[in-house]
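Asks: I'm passing along coords-v9.tsv; it holds TSV, C-alpha atoms.
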```tsv
chain	number	residue	atom	x	y	z
K	256	MET	CA	-0.43	-65.82	-65.92
K	257	ALA	CA	-1.00	-62.17	-64.98
K	258	LEU	CA	2.30	-60.93	-66.35
K	259	HIS	CA	2.72	-57.25	-67.22
K	260	PHE	CA	5.96	-57.49	-69.19
K	261	SER	CA	7.21	-59.42	-72.20
K	262	ASP	CA	9.36	-62.55	-72.00
K	263	GLU	CA	12.18	-60.54	-73.57
K	264	GLU	CA	11.94	-57.92	-70.82
K	265	PHE	CA	12.21	-60.50	-68.05
K	266	ALA	CA	15.07	-62.25	-69.83
K	267	ASP	CA	16.97	-58.97	-70.14
K	268	ARG	CA	16.49	-58.21	-66.44
K	269	LEU	CA	17.82	-61.62	-65.45
K	270	ALA	CA	20.79	-61.22	-67.79
K	271	ARG	CA	21.65	-57.84	-66.27
K	272	LEU	CA	21.38	-59.27	-62.77
K	273	ARG	CA	23.60	-62.26	-63.62
K	274	ALA	CA	26.20	-59.92	-65.08
K	275	ARG	CA	26.30	-58.00	-61.79
K	276	MET	CA	26.51	-61.25	-59.85
K	277	GLN	CA	29.44	-62.34	-61.98
K	278	ARG	CA	31.13	-58.98	-61.46
K	279	ASP	CA	30.71	-59.32	-57.68
K	280	LYS	CA	31.73	-63.02	-57.73
K	281	LEU	CA	28.42	-64.17	-56.23
K	282	ASP	CA	27.39	-67.82	-56.37
K	283	CYS	CA	23.83	-66.92	-55.49
K	284	LEU	CA	21.70	-64.03	-54.32
K	285	LEU	CA	18.99	-64.12	-51.63
K	286	LEU	CA	16.29	-61.61	-52.51
K	287	PHE	CA	13.96	-60.48	-49.72
K	288	ALA	CA	12.68	-57.21	-51.20
K	289	GLN	CA	9.26	-57.59	-52.81
K	290	GLU	CA	10.26	-54.94	-55.35
K	291	SER	CA	13.20	-57.12	-56.44
K	292	MET	CA	10.99	-60.18	-56.87
K	293	TYR	CA	8.38	-58.21	-58.81
K	294	TRP	CA	11.01	-56.64	-61.09
K	295	LEU	CA	12.77	-59.93	-61.78
K	296	THR	CA	9.80	-62.31	-62.11
K	297	GLY	CA	6.52	-60.38	-61.90
K	298	TYR	CA	5.70	-61.98	-58.53
K	299	ASP	CA	3.03	-59.74	-56.98
K	300	THR	CA	1.98	-60.12	-53.33
K	301	PHE	CA	1.84	-58.45	-49.94
K	302	GLY	CA	2.92	-61.76	-48.42
K	303	PHE	CA	6.40	-60.37	-47.80
K	304	CYS	CA	5.09	-59.41	-44.35
K	305	PHE	CA	5.94	-63.07	-43.62
K	306	PHE	CA	9.18	-64.87	-44.41
K	307	GLN	CA	9.87	-65.48	-48.07
K	308	CYS	CA	13.05	-65.56	-50.11
K	309	LEU	CA	13.83	-65.77	-53.82
K	310	VAL	CA	17.11	-67.59	-54.44
K	311	VAL	CA	18.86	-66.67	-57.69
K	312	THR	CA	21.89	-68.78	-58.61
K	313	ARG	CA	24.87	-67.87	-60.80
K	314	ASP	CA	23.47	-69.96	-63.68
K	315	GLY	CA	20.17	-68.04	-63.63
K	316	SER	CA	18.07	-70.64	-61.81
K	317	MET	CA	15.44	-69.19	-59.46
K	318	VAL	CA	13.70	-70.85	-56.52
K	319	LEU	CA	11.07	-69.15	-54.36
K	320	LEU	CA	10.65	-70.23	-50.74
K	321	THR	CA	7.34	-68.93	-49.43
K	322	ARG	CA	4.18	-69.83	-47.48
K	323	SER	CA	1.30	-71.92	-48.79
K	324	ALA	CA	-0.94	-68.83	-48.99
K	325	ASP	CA	1.35	-67.38	-51.67
K	326	GLN	CA	1.93	-70.52	-53.73
K	327	ARG	CA	-0.91	-69.85	-56.18
K	328	GLN	CA	-0.12	-66.13	-56.11
K	329	ALA	CA	3.40	-66.88	-57.34
K	330	ARG	CA	2.23	-69.30	-60.02
K	331	HIS	CA	-0.38	-66.87	-61.32
K	332	THR	CA	1.61	-63.62	-61.29
K	333	SER	CA	5.20	-64.63	-62.00
K	334	THR	CA	7.55	-66.47	-64.35
K	335	LEU	CA	8.60	-68.78	-61.50
K	336	SER	CA	8.18	-72.54	-61.82
K	337	ASP	CA	10.19	-73.79	-58.83
K	338	ILE	CA	8.19	-72.76	-55.75
K	339	ARG	CA	8.92	-74.34	-52.39
K	340	ILE	CA	6.73	-74.06	-49.30
K	341	TRP	CA	7.88	-73.62	-45.73
K	342	VAL	CA	5.31	-74.92	-43.27
K	343	ASP	CA	3.71	-72.97	-40.42
K	344	LEU	CA	4.10	-75.66	-37.78
K	345	GLY	CA	5.10	-75.35	-34.13
K	346	ASP	CA	8.74	-74.30	-33.96
K	347	ALA	CA	9.21	-74.49	-37.73
K	348	ASN	CA	12.14	-72.36	-38.82
K	349	PRO	CA	12.00	-71.16	-42.45
K	350	VAL	CA	15.66	-70.12	-42.30
K	351	SER	CA	16.60	-73.75	-41.59
K	352	GLN	CA	14.57	-74.77	-44.64
K	353	LEU	CA	16.37	-72.08	-46.64
K	354	LYS	CA	19.69	-73.54	-45.53
K	355	ASP	CA	18.56	-76.98	-46.67
K	356	LEU	CA	17.57	-75.50	-50.03
K	357	LEU	CA	20.97	-73.82	-50.40
K	358	PHE	CA	22.69	-77.11	-49.61
K	359	GLU	CA	20.58	-78.79	-52.29
K	360	LEU	CA	21.69	-76.06	-54.72
K	361	ASP	CA	25.36	-76.81	-53.91
K	362	MET	CA	25.99	-73.47	-52.21
K	363	LEU	CA	27.99	-74.86	-49.28
K	364	GLY	CA	31.14	-72.76	-49.00
K	365	GLY	CA	29.95	-70.35	-51.68
K	366	ARG	CA	29.73	-66.57	-51.74
K	367	ILE	CA	26.10	-65.57	-51.08
K	368	GLY	CA	24.72	-62.07	-51.50
K	369	VAL	CA	21.83	-61.04	-49.25
K	370	GLU	CA	19.30	-58.21	-49.44
K	371	PHE	CA	19.38	-57.03	-45.84
K	372	ASP	CA	18.16	-53.45	-46.33
K	373	THR	CA	14.49	-54.05	-47.09
K	374	HIS	CA	11.15	-54.12	-45.31
K	375	GLY	CA	10.91	-57.77	-46.32
K	376	MET	CA	13.81	-58.61	-43.99
K	377	THR	CA	13.07	-58.43	-40.26
K	378	GLY	CA	15.76	-58.18	-37.63
K	379	SER	CA	14.92	-61.64	-36.35
K	380	VAL	CA	15.36	-63.10	-39.83
K	381	GLY	CA	18.71	-61.33	-40.15
K	382	ILE	CA	19.88	-62.81	-36.84
K	383	ALA	CA	18.69	-66.27	-37.86
K	384	LEU	CA	20.48	-66.00	-41.21
K	385	ALA	CA	23.74	-65.10	-39.48
K	386	GLU	CA	23.37	-67.99	-37.03
K	387	GLN	CA	22.46	-70.54	-39.70
K	388	LEU	CA	24.64	-69.47	-42.64
K	389	ASN	CA	27.81	-67.79	-41.35
K	390	SER	CA	29.51	-71.17	-41.01
K	391	PHE	CA	27.82	-72.47	-44.16
K	392	ALA	CA	28.95	-69.86	-46.67
K	393	GLU	CA	30.38	-66.37	-47.05
K	394	LEU	CA	27.56	-63.84	-46.66
K	395	CYS	CA	27.81	-60.32	-48.06
K	396	ASP	CA	25.36	-57.44	-48.00
K	397	CYS	CA	24.18	-56.86	-51.58
K	398	SER	CA	21.18	-54.67	-50.74
K	399	PRO	CA	21.94	-51.97	-53.37
K	400	LEU	CA	22.40	-54.41	-56.27
K	401	VAL	CA	18.86	-54.82	-57.60
K	402	PRO	CA	17.73	-51.27	-56.70
K	403	SER	CA	20.57	-49.90	-58.83
K	404	LEU	CA	19.28	-51.95	-61.77
K	405	ARG	CA	15.67	-50.93	-61.15
K	406	ALA	CA	16.59	-47.24	-61.08
K	407	ILE	CA	17.08	-47.21	-64.89
K	408	LYS	CA	13.70	-47.68	-66.51
K	409	SER	CA	13.08	-49.69	-69.67
K	410	PRO	CA	10.70	-48.61	-72.47
K	411	GLU	CA	8.12	-51.11	-71.19
K	412	GLU	CA	8.32	-49.66	-67.68
K	413	LEU	CA	7.97	-46.12	-68.97
K	414	VAL	CA	4.59	-46.98	-70.50
K	415	TYR	CA	3.27	-47.74	-67.02
K	416	ILE	CA	4.97	-44.72	-65.46
K	417	ARG	CA	3.36	-42.39	-67.98
K	418	LYS	CA	0.00	-43.96	-67.24
K	419	ALA	CA	0.61	-43.43	-63.52
K	420	ALA	CA	1.42	-39.77	-64.22
K	421	GLU	CA	-1.81	-39.35	-66.18
K	422	LEU	CA	-3.78	-40.79	-63.27
K	423	ALA	CA	-2.06	-38.46	-60.80
K	424	ASP	CA	-2.97	-35.40	-62.88
K	425	LEU	CA	-6.53	-36.57	-63.39
K	426	ALA	CA	-6.98	-37.25	-59.68
K	427	PHE	CA	-6.11	-33.65	-58.77
K	428	GLU	CA	-8.22	-32.18	-61.55
K	429	LYS	CA	-11.24	-34.15	-60.35
K	430	ALA	CA	-10.64	-33.23	-56.72
K	431	LEU	CA	-10.02	-29.51	-57.31
K	432	PRO	CA	-13.73	-28.47	-57.46
K	433	ASP	CA	-14.14	-29.95	-53.97
K	434	ILE	CA	-11.23	-27.97	-52.49
K	435	HIS	CA	-12.94	-24.96	-50.93
K	436	GLY	CA	-14.14	-23.62	-47.62
K	437	GLY	CA	-16.59	-26.03	-45.98
K	438	ALA	CA	-15.25	-29.05	-47.87
K	439	ASP	CA	-14.48	-32.30	-46.07
K	440	GLU	CA	-10.94	-33.69	-46.33
K	441	ALA	CA	-12.50	-37.15	-46.47
K	442	ARG	CA	-14.31	-36.28	-49.70
K	443	ILE	CA	-11.14	-34.86	-51.26
K	444	LEU	CA	-9.14	-37.93	-50.29
K	445	SER	CA	-11.78	-40.29	-51.65
K	446	ILE	CA	-11.77	-38.50	-55.01
K	447	LEU	CA	-7.98	-38.64	-55.28
K	448	GLN	CA	-7.75	-42.34	-54.47
K	449	GLY	CA	-10.96	-43.28	-56.26
K	450	THR	CA	-9.85	-41.64	-59.50
K	451	VAL	CA	-6.65	-43.69	-59.54
K	452	LEU	CA	-8.51	-46.93	-58.88
K	453	GLU	CA	-11.26	-46.15	-61.41
K	454	GLY	CA	-8.54	-45.51	-63.99
K	455	GLY	CA	-7.25	-49.05	-63.60
K	456	GLY	CA	-4.52	-48.08	-61.16
K	457	ASP	CA	-3.42	-49.64	-57.89
K	458	TYR	CA	-3.30	-48.74	-54.24
K	459	PRO	CA	-0.10	-46.73	-53.66
K	460	ALA	CA	2.78	-48.12	-51.63
K	461	ASN	CA	2.01	-45.61	-48.89
K	462	GLU	CA	-0.99	-43.52	-47.89
K	463	PHE	CA	-1.64	-40.18	-49.56
K	464	VAL	CA	-0.69	-37.19	-47.41
K	465	ILE	CA	-3.58	-34.83	-46.64
K	466	GLY	CA	-3.64	-32.11	-44.02
K	467	SER	CA	-5.17	-28.68	-43.59
K	468	GLY	CA	-4.82	-25.85	-41.10
K	469	ARG	CA	-1.88	-26.60	-38.82
K	470	ASP	CA	-1.81	-30.16	-40.17
K	471	ALA	CA	-0.85	-28.74	-43.58
K	472	LEU	CA	2.67	-28.57	-42.11
K	473	LEU	CA	2.82	-32.36	-41.81
K	474	VAL	CA	4.40	-34.45	-44.56
K	475	ARG	CA	3.10	-37.82	-43.39
K	476	TYR	CA	-0.39	-39.29	-43.38
K	477	GLN	CA	-2.22	-39.13	-40.07
K	478	SER	CA	-5.64	-40.43	-39.04
K	479	GLY	CA	-8.56	-38.01	-38.68
K	480	ARG	CA	-10.31	-35.75	-41.19
K	481	ARG	CA	-11.12	-32.03	-40.98
K	482	ILE	CA	-13.56	-29.57	-42.57
K	483	LEU	CA	-11.81	-26.76	-44.45
K	484	LYS	CA	-12.34	-23.18	-43.31
K	485	GLU	CA	-13.09	-20.31	-45.68
K	486	THR	CA	-9.47	-19.17	-45.32
K	487	ASP	CA	-7.23	-22.19	-45.01
K	488	GLN	CA	-4.41	-24.22	-46.54
K	489	LEU	CA	-4.41	-27.82	-47.75
K	490	THR	CA	-1.27	-29.90	-48.30
K	491	LEU	CA	-1.62	-32.93	-50.56
K	492	GLU	CA	0.96	-35.51	-51.59
K	493	TRP	CA	-0.43	-38.21	-53.80
K	494	ALA	CA	0.62	-40.51	-56.62
K	495	GLY	CA	-0.79	-42.18	-59.62
K	496	CYS	CA	0.04	-45.86	-59.33
K	497	TYR	CA	-0.21	-48.28	-62.24
K	498	ARG	CA	1.17	-51.83	-62.22
K	499	HIS	CA	2.82	-50.70	-58.94
K	500	TYR	CA	4.75	-47.92	-60.75
K	501	HIS	CA	4.37	-44.51	-59.14
K	502	ALA	CA	4.32	-40.91	-60.34
K	503	ALA	CA	4.01	-38.56	-57.36
K	504	LEU	CA	2.86	-34.96	-56.99
K	505	MET	CA	2.74	-32.53	-54.09
K	506	ARG	CA	0.88	-29.25	-53.63
K	507	THR	CA	-0.21	-26.92	-50.87
K	508	VAL	CA	-3.42	-25.26	-52.07
K	509	PRO	CA	-4.48	-21.96	-50.45
K	510	ILE	CA	-8.17	-21.74	-49.58
K	511	GLY	CA	-9.39	-18.17	-49.97
K	512	ARG	CA	-6.89	-15.34	-50.38
K	513	PRO	CA	-3.33	-16.58	-49.80
K	514	SER	CA	-1.39	-14.75	-47.10
K	515	ALA	CA	1.62	-12.57	-47.84
K	516	ARG	CA	3.81	-15.15	-46.10
K	517	PHE	CA	2.44	-17.92	-48.30
K	518	GLN	CA	3.17	-15.91	-51.43
K	519	GLU	CA	6.70	-15.14	-50.25
K	520	MET	CA	7.43	-18.80	-49.50
K	521	GLU	CA	5.79	-19.97	-52.71
K	522	ALA	CA	8.04	-17.69	-54.79
K	523	VAL	CA	11.11	-19.22	-53.15
K	524	ALA	CA	9.79	-22.76	-53.76
K	525	TRP	CA	9.34	-21.92	-57.45
K	526	LYS	CA	12.91	-20.63	-57.67
K	527	ALA	CA	14.26	-23.68	-55.87
K	528	LEU	CA	12.44	-26.08	-58.19
K	529	ALA	CA	13.71	-24.18	-61.26
K	530	ALA	CA	17.26	-24.46	-59.91
K	531	VAL	CA	16.84	-28.19	-59.37
K	532	GLU	CA	15.53	-28.65	-62.92
K	533	GLN	CA	18.68	-26.98	-64.26
K	534	VAL	CA	20.96	-29.61	-62.70
K	535	MET	CA	18.71	-32.65	-63.27
K	536	LYS	CA	20.96	-33.95	-66.02
K	537	PRO	CA	23.29	-36.93	-66.52
K	538	GLY	CA	26.73	-36.35	-65.07
K	539	ASN	CA	25.42	-34.42	-62.09
K	540	THR	CA	24.74	-36.12	-58.77
K	541	PHE	CA	21.82	-36.49	-56.41
K	542	GLY	CA	23.81	-34.31	-54.05
K	543	ASP	CA	23.78	-31.61	-56.73
K	544	LEU	CA	19.98	-31.70	-56.74
K	545	PHE	CA	19.87	-31.12	-53.01
K	546	ARG	CA	22.50	-28.37	-53.17
K	547	ALA	CA	20.59	-26.50	-55.89
K	548	HIS	CA	17.41	-26.57	-53.82
K	549	ALA	CA	19.12	-25.68	-50.53
K	550	ASN	CA	21.16	-22.81	-51.97
K	551	VAL	CA	18.06	-20.97	-53.16
K	552	ILE	CA	16.12	-21.52	-49.96
K	553	ASP	CA	19.02	-20.66	-47.69
K	554	GLU	CA	19.76	-17.46	-49.64
K	555	HIS	CA	16.23	-16.32	-48.75
K	556	ASP	CA	16.75	-17.03	-45.03
K	557	MET	CA	14.38	-19.99	-45.04
K	558	MET	CA	16.79	-22.75	-44.10
K	559	PRO	CA	14.94	-23.52	-40.81
K	560	HIS	CA	11.80	-24.24	-42.82
K	561	ARG	CA	13.18	-26.75	-45.37
K	562	LEU	CA	13.89	-30.48	-45.17
K	563	ASN	CA	17.23	-32.29	-45.41
K	564	SER	CA	16.23	-34.03	-48.62
K	565	CYS	CA	14.41	-32.75	-51.68
K	566	GLY	CA	13.40	-35.93	-53.48
K	567	TYR	CA	14.08	-39.47	-54.55
K	568	SER	CA	13.71	-42.03	-57.30
K	569	LEU	CA	10.37	-43.62	-58.18
K	570	GLY	CA	9.45	-46.99	-59.60
K	571	ALA	CA	7.51	-50.13	-58.75
K	572	ARG	CA	7.25	-50.18	-54.98
K	573	PHE	CA	5.31	-52.02	-52.30
K	574	ALA	CA	4.23	-50.95	-48.80
K	575	PRO	CA	5.19	-49.19	-46.64
K	576	SER	CA	6.70	-46.54	-48.94
K	577	TRP	CA	6.86	-45.49	-52.58
K	578	MET	CA	10.28	-43.90	-52.03
K	579	ASP	CA	13.10	-45.56	-53.96
K	580	PRO	CA	16.84	-44.92	-53.86
K	581	PRO	CA	18.79	-42.90	-54.81
K	582	MET	CA	17.64	-39.93	-52.72
K	583	ALA	CA	18.56	-36.27	-53.12
K	584	TYR	CA	20.41	-35.27	-49.96
K	585	ARG	CA	23.65	-33.50	-49.13
K	586	ASP	CA	26.84	-35.10	-50.49
K	587	ASN	CA	25.08	-38.04	-52.16
K	588	ASN	CA	27.53	-38.72	-54.99
K	589	GLU	CA	25.35	-41.18	-56.91
K	590	LEU	CA	25.14	-40.07	-60.53
K	591	ILE	CA	22.01	-39.07	-62.38
K	592	GLU	CA	21.58	-41.25	-65.46
K	593	PRO	CA	19.14	-41.18	-68.39
K	594	ASN	CA	15.78	-42.94	-67.93
K	595	MET	CA	15.52	-42.42	-64.19
K	596	VAL	CA	12.19	-41.26	-62.74
K	597	LEU	CA	12.77	-38.65	-60.03
K	598	PHE	CA	10.28	-37.00	-57.70
K	599	GLN	CA	11.51	-33.58	-56.57
K	600	HIS	CA	9.67	-31.77	-53.79
K	601	MET	CA	10.26	-28.26	-52.48
K	602	VAL	CA	8.88	-28.32	-48.93
K	603	LEU	CA	8.77	-25.21	-46.73
K	604	MET	CA	7.09	-25.35	-43.33
K	605	ASP	CA	7.10	-22.18	-41.19
K	606	SER	CA	5.87	-23.19	-37.74
K	607	SER	CA	6.09	-19.62	-36.43
K	608	SER	CA	3.32	-18.50	-38.77
K	609	ASP	CA	1.78	-21.97	-39.38
K	610	THR	CA	2.34	-21.50	-43.10
K	611	ALA	CA	2.97	-24.42	-45.44
K	612	VAL	CA	4.20	-24.39	-49.03
K	613	THR	CA	4.93	-27.56	-50.96
K	614	LEU	CA	5.65	-28.00	-54.63
K	615	GLY	CA	6.58	-31.39	-56.05
K	616	ARG	CA	6.36	-33.29	-59.31
K	617	SER	CA	7.93	-36.24	-61.10
K	618	TYR	CA	10.44	-36.12	-63.95
K	619	LEU	CA	11.99	-38.47	-66.47
K	620	THR	CA	15.70	-37.87	-66.98
K	621	THR	CA	17.02	-37.82	-70.54
K	622	ASN	CA	20.38	-37.18	-72.19
K	623	GLY	CA	19.63	-33.48	-71.78
K	624	ASN	CA	16.97	-31.60	-69.87
K	625	ALA	CA	14.60	-33.68	-67.76
K	626	GLU	CA	11.01	-34.15	-68.90
K	627	CYS	CA	8.27	-33.22	-66.44
K	628	LEU	CA	5.70	-36.02	-66.37
K	629	SER	CA	2.85	-33.82	-65.11
K	630	ARG	CA	0.77	-31.36	-67.09
K	631	LEU	CA	-0.56	-29.59	-63.96
K	632	PRO	CA	0.35	-25.87	-63.73
K	633	LEU	CA	2.60	-24.58	-60.98
K	634	ASP	CA	0.45	-21.49	-60.42
K	635	LEU	CA	-1.04	-22.58	-57.12
K	636	PRO	CA	-3.19	-19.51	-56.39
K	637	LEU	CA	-5.11	-20.16	-59.64
K	638	ASN	CA	-5.91	-23.60	-58.26
K	639	SER	CA	-7.29	-22.35	-54.94
K	640	GLY	CA	-10.81	-23.59	-55.55
```
Do you think you could lay out the structure here as structure tokens?

Replies:
Amino acid sequence: MALHFSDEEFADRLARLRARMQRDKLDCLLLFAQESMYWLTGYDTFGFCFFQCLVVTRDGSMVLLTRSADQRQARHTSTLSDIRIWVDLGDANPVSQLKDLLFELDMLGGRIGVEFDTHGMTGSVGIALAEQLNSFAELCDCSPLVPSLRAIKSPEELVYIRKAAELADLAFEKALPDIHGGADEARILSILQGTVLEGGGDYPANEFVIGSGRDALLVRYQSGRRILKETDQLTLEWAGCYRHYHAALMRTVPIGRPSARFQEMEAVAWKALAAVEQVMKPGNTFGDLFRAHANVIDEHDMMPHRLNSCGYSLGARFAPSWMDPPMAYRDNNELIEPNMVLFQHMVLMDSSSDTAVTLGRSYLTTNGNAECLSRLPLDLPLNSG
């Protein structure tokens, strides 16, 4: 089996999950998030684009209901032994087969937790679940349960996260000589992604962000590559990814002499990141992170140029996004705890002057000051190619 964690690690995860289920008086839990299945069993697939469900009962039994294409995938990559197949046939309804499975597991009239808030759960599946199971059992939304457990990283997970961080640093260092006037974005992107893959890493859960010129003000991937001008700007958001664990970085690199506006915005981004680092400690909240970042930016009259979030948790994620909860936004009262991995990004986009400044890196929280997982310098002008 292609398992990346020890038997003891998987046993501890299941024990922690069962304790939460007991606390919430759940008879079973229906997991639809691929991240939850990977964390709990090692099951590794992109087959969650179709219906599949991992049933976890109060006694710790686990049954996977999936398609035939993923049967061998589950046997090879996970600790699961009980794998059931729903059949692609005419009007076949996998939710009906799930109901039959739950009846077999003696869940009639029980209290069943469901992961509704995940990309592995479509609206049509949610409707079908309500139609099939509302009269069968008591359903409750338990979407935050496993993510809250995944947010605290174990020593075994941190090994992979540190490797991901090394790959992220190395990717930028290898790409930097190709970041100059006349360079092709396609070449830069291929070096970033190729370095991660050559280092034994994985495809990330979402595309790397790359944009220059006016597109440097975008914070999402878009199709189409561009040749850099002699005086330009290049925004990059990328991640090392290893065993699906991510360590993200973000930079806007000036090409040629940076403008006065860039330097002004960059100085504010530095101050904002330093303020965030000061509050990235246990006992503070994710709302405190956002407030620290916003206060600095707003004091410099740049509020129209910032975002309404300044970061999020990182871990093992699958498409379409490497973003994990909790997120750093206003009035988010979730507490920072030790052994969380947090990506904090200071993003300033001035559309009036078409100037972009981004500064982001990943941290490991501790009992005191957070540890930055990147060794790249913050001095962006020195990295201008």

Asks: Which protein, DNA or RNA residues are at most 9 Å from (8.2, -70.6, -49.9) in the file's coordinates when you count all atoms listed in the file, listed as a list in words?

Replies: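 Residues close enough to count: Phe306, Gln307, Cys308, Leu309, Val318, Leu319, Leu320, Thr321, Arg322, Ser323, Asp325, Gln326, Ile338, Arg339, Ile340, Trp341, Val342, Pro349 and Leu353 of chain K.
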
Asks: Measuring between only C-alpha atoms, which one of K:Ala460, K:Ala502, K:Val534, K:Glu440 shows the shortest distance to K:Arg480?

Replies: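 For K:Arg480, the nearest of the candidates is K:Glu440.
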
Asks: Which is closest to K:Ala266 among K:Leu281, K:Glu290, K:Thr334, K:Leu447, if we use all atoms listed in the file?

Replies: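 That would be K:Thr334, the residue with the smallest distance to K:Ala266.
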
Asks: At a cut-off of 10 Å, using all atoms listed in the file, what residues contact K:Leu388? Leave out same-chain residues fewer than 3 positions from it and give the result as JSON, numbers by chain.

Replies: {"K": [350, 351, 353, 354, 357, 363, 364, 367, 383, 384, 385, 391, 392, 393, 394]}

Asks: Of the candidates K:Leu422, K:Val602, K:Ala529, K:Ile443, which one gets nearest to K:Arg481 if we count all atoms listed in the file?

Replies: K:Ile443

Asks: Report as number ranges by chain all protein, DNA and RNA residues lying within 10 Å of stretch 603-612 of chain K, evaluated on all atoms listed in the file, omitting residues in the same chain fewer than 4 positions from it.

Replies: K: 467-474, 487-490, 505-509, 514, 516-524, 552, 557-562, 635

Asks: What does the distance from atom CA of K:Phe463 to atom CA of K:Thr377 come to in Å, to one decimal?

Replies: 25.2 Å

Asks: Quote the spacing between atom CA of K:Gly538 and atom CA of K:Gly615 in Å to one decimal place.

Replies: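 It comes out at 22.6 Å.
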
Asks: Just to confirm, what's the straight-line distance from atom CA of K:Gly375 to atom CA of K:Gln289 in Å (one decimal)?

Replies: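 That distance, rounded to one decimal, is 6.7 Å.
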
Asks: What box, with edges along x, y and z, holds each listed atom of stretch 426-432 of chain K when 5 Å is added on every side, and can you state its centre and edge lengths in Å to one decimal, as lines of an AutoDock Vina configuration file?

Replies:
```
center_x = -9.9
center_y = -32.9
center_z = -59.1
size_x = 17.6
size_y = 18.8
size_z = 14.8
```

Asks: Closest to K:Ala503 among K:Asn539, K:Thr332, K:Gln599, K:Gln448, using only C-alpha atoms?

Replies: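 Nearest to K:Ala503: K:Gln599.
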
Asks: Do a neighbour search on K:His499 at 8 Å with only C-alpha atoms, toss out local chain neighbours closer than 5 positions, and write the hits as a PDB file with C-alpha atoms, keeping the file's coordinate frame.

Replies:
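And here's around_34.pdb as it stands now:
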```
ATOM      1  CA  ASP K 457      -3.420 -49.640 -57.890  1.00  0.00           C
ATOM      2  CA  TYR K 458      -3.300 -48.740 -54.240  1.00  0.00           C
ATOM      3  CA  PRO K 459      -0.100 -46.730 -53.660  1.00  0.00           C
ATOM      4  CA  ALA K 460       2.780 -48.120 -51.630  1.00  0.00           C
ATOM      5  CA  GLY K 570       9.450 -46.990 -59.600  1.00  0.00           C
ATOM      6  CA  ALA K 571       7.510 -50.130 -58.750  1.00  0.00           C
ATOM      7  CA  ARG K 572       7.250 -50.180 -54.980  1.00  0.00           C
ATOM      8  CA  PHE K 573       5.310 -52.020 -52.300  1.00  0.00           C
TER       9      PHE K 573
END
```

Asks: Measuring between only C-alpha atoms, which one of K:Pro399, K:Gly454, K:Gly623, K:Gly566 shows the shortest distance to K:Ala423?

Replies: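 Using only C-alpha atoms, K:Ala423 sits closest to K:Gly454.
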
Asks: Which residue, K:Thr312, K:Gln477, K:Asn587, K:Asn624, has the smallest gap to K:Gln533 when you use only C-alpha atoms?

Replies: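 The answer is K:Asn624, which sits nearest to K:Gln533.
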
Asks: Tell me, as a PyMOL selection string, which residues lie within 10 Å of K:Glu626, counting all atoms listed in the file; anything in the same chain fewer than 5 positions away does not count.

Replies: chain K and resi 532+535+596+617-621
